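Notes follow once the structure below has been shown.
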Amino acid sequence: RNRTGPLPRRIASHKIPVDRISRSAIRVVESLQKANYETYLVGGCVRDLLLSRIPKDFDVATSATPEEVKKVFPRARLIGRRFRIVHVRVGREIIEVSTFRKQIGPNDTSNYIEHEARDGVIVRDNVYGNIDEDAFRRDFTVNALYYDPANNTVLDFVKGMQDLGSRTLRLIGNPKVRYQEDPVRILRAIRLAAKLDFTLEKSTATAITPAGETLNVVPSARLFDELNKLFMSGKAKRAFELLLKFNLLGILFPLASDSTDLVTAALHSTDQRIAQEKPVTPGFILAALLWNPYQSQYNSRATIGTPQENQFDAARTVIREQQHTIAIPKRHAFFMRDVWHLQSRLERRNPRSILPLLEHRRFRAAYDFLLLRAKNAEVEPGLVQWWTAIQTLNPTEQQEQISALPPQKKKRRRRPKRENA
Ligand code: ATP
Ligand code: MG
């Protein structure tokens, strides 16, 4: 192939802690190099290594086509529709191998068979290219660094090292165009700025709000994936502040209210749990985000069905509405619904349902949610203290506490259905 693009800066003095690189990733690079394909580690792993962070996963970029990669690793799997990539499994690890490719603009008709663009949005881009073209189709300069373990050098086509040094997140190319091509880059900008504690370069930042509405064209499943990463990044509170700053909340969560204290508290607690390596779920954050809409839905039904029916209808309505923008997987939707429904049971403290509640598989999550609501002055502190205490008691002491509760008012009778007219 003819080289037309710019020459890279080849950097030999860098701070990559070689012992932090996955042995499996190095083995994959070496095997492809041995088969005479130009091959590097690339993307988030190189960025994270240079920042002395532990990479989440290792991505490999190569001149070999997916079919050629498969010849080198016969048991590898070809996956992906949007991008065809190869998953090579080494032991327990999966290394993602992608072929150098270029991004062609919507007006570029060369290679049109493999490339489709609609309204400037890139739908598929499987046009193979050179390494420099591969660098320019990536999102941020710090994500476009290539590391060759064979000679321990970094290749930099886009001044990524400089931005890494000044902790700057800068889109490659014209931000307006790059966000339009793939609006998910907006969320990636926010997530990575928060996660790495980087500053968004000026035009990378100012182009976000005007491009916000284009998030509506992103398939709802892809939006969920990206938001899930954002919420589970360990820096969700900061990322959420950026979503608010750039006016994106109303686009992603049209029902969510302006009072976001409960959400901020949920994000903060999620970030803390991640720091302590405790389990977390996006369902908890989604439950907080949509708690006010759920309550308004519930209250607007007060005169229609039984409280239980109204709870189910309210949850179903709110979640269904939200699914228009973000595809919340079923298990998370059930989680949200359970946490919401359990709130009223925790508040009611019916003596007969205390023990079953303590055994409920979502009790812990619902109790954590109640704690946040108490911090937000939505429930009496005494109620939370009671639930905190009862969990520490032995069965006899629990019985004592339960019998000391005031007897419940008679169960509300089902109201007759309203008649028409
Ligand atoms: P993380 O730490 O979350 O893994 P990452 O930068 O590695 O961050 P990935 O989703 O693993 O994110 O993507 C790997 C690389 O692929 C990126 O570093 C970037 O070079 C490129 N990339 C990913 N998404 C896009 C996109 N939407 N547009 C352009 N390039 C992208
Ligand atoms: Mg990655």
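Chain labels run A, B, ... following the order of the structure tokens; each chain numbers its residues from 1, and ligands are numbered from 1 in the order shown.
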For chain A versus ligand 2, which residues have an atom no more than 8 Å away, and what is each residue's nearest atom pair and distance in Å rounded to one decimal, using only C-alpha atoms and all ligand atoms, chain-then-number order, as CSV?
```
residue,atom,partner,partner_atom_place_in_ligand_line,distance
A:Gly43,CA,ligand 2,1 (Mg),6.5
A:Gly44,CA,ligand 2,1 (Mg),4.6
A:Cys45,CA,ligand 2,1 (Mg),6.1
A:Pro55,CA,ligand 2,1 (Mg),7.4
A:Lys56,CA,ligand 2,1 (Mg),6.2
A:Asp57,CA,ligand 2,1 (Mg),5.2
A:Phe58,CA,ligand 2,1 (Mg),6.3
A:Asp59,CA,ligand 2,1 (Mg),6.5
```
For region 129-140 of chain A: contacts at 10 Å, only C-alpha atoms, fewer than 6 positions along chain excluded, given as a PyMOL selection string:
chain A and resi 1-8+38-40+42-43+61-63+99-104+146+155-158+160+163+168-173+175+178-179+182+185+188-189+192+204
Please compute the CA of Leu244 (chain A)-CA of Leu187 (chain A) distance, one decimal, in Å.
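Going from CA of Leu244 (chain A) over to CA of Leu187 (chain A), I get 12.1 Å.
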Please determine, counting only C-alpha atoms and all ligand atoms, which residue among A:Thr209, A:Ser269, A:Thr141, A:Asn174 has the shortest atom-to-atom distance to ligand 1.
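Between A:Thr209, A:Ser269, A:Thr141, A:Asn174, the residue approaching ligand 1 most closely is A:Thr141.
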Exercise: Arg273 (chain A) partners within 9 Å, only C-alpha atoms, chain neighbours under 6 positions left out, as a PyMOL selection string
chain A and resi 234+279-280
Considering only C-alpha atoms, return as a tab-separated table (two decimals) with N, CA and C atoms, in the first residue's frame whatever protein or nucleic-acid residues lie within 7 Å of region 332-344 of chain A, sequence-local ones (same chain, fewer than 4 positions apart) excluded.
```tsv
chain	number	residue	atom	x	y	z
A	283	GLY	N	-29.42	-0.26	37.83
A	283	GLY	CA	-30.83	-0.20	38.20
A	283	GLY	C	-31.08	0.76	39.36
A	284	PHE	N	-30.13	0.81	40.27
A	284	PHE	CA	-30.28	1.66	41.44
A	284	PHE	C	-30.30	3.14	41.03
A	287	ALA	N	-33.43	3.89	39.12
A	287	ALA	CA	-34.55	4.01	40.06
A	287	ALA	C	-34.58	5.41	40.67
A	311	GLN	N	-49.38	1.08	41.76
A	311	GLN	CA	-47.92	1.00	41.76
A	311	GLN	C	-47.43	0.33	40.49
A	315	ALA	N	-45.23	2.18	37.56
A	315	ALA	CA	-43.90	1.70	37.19
A	315	ALA	C	-43.87	1.35	35.70
A	328	ILE	N	-33.75	-0.06	28.62
A	328	ILE	CA	-33.39	-0.62	29.93
A	328	ILE	C	-33.66	-2.12	29.89
A	348	ARG	N	-44.67	1.72	55.61
A	348	ARG	CA	-45.89	1.31	56.31
A	348	ARG	C	-45.57	0.49	57.56
A	362	ARG	N	-34.72	-8.07	47.42
A	362	ARG	CA	-34.38	-6.68	47.12
A	362	ARG	C	-34.40	-5.80	48.37
A	365	ALA	N	-31.34	-3.40	48.73
A	365	ALA	CA	-31.36	-2.29	47.78
A	365	ALA	C	-32.42	-1.27	48.17
A	366	ALA	N	-33.61	-1.80	48.56
A	366	ALA	CA	-34.70	-0.90	48.92
A	366	ALA	C	-34.35	-0.11	50.18
A	370	LEU	N	-34.03	3.85	50.67
A	370	LEU	CA	-34.71	4.57	51.74
A	370	LEU	C	-33.74	5.50	52.47
```
Any idea what's packed within 10 Å of region 84-94 of chain A, counting only C-alpha atoms, ignoring anything in its chain fewer than 4 positions away? Could you give it as a PyMOL selection string?
chain A and resi 22-25+27-28+57-61+65-67+69-70+73-80+98-99+124-126
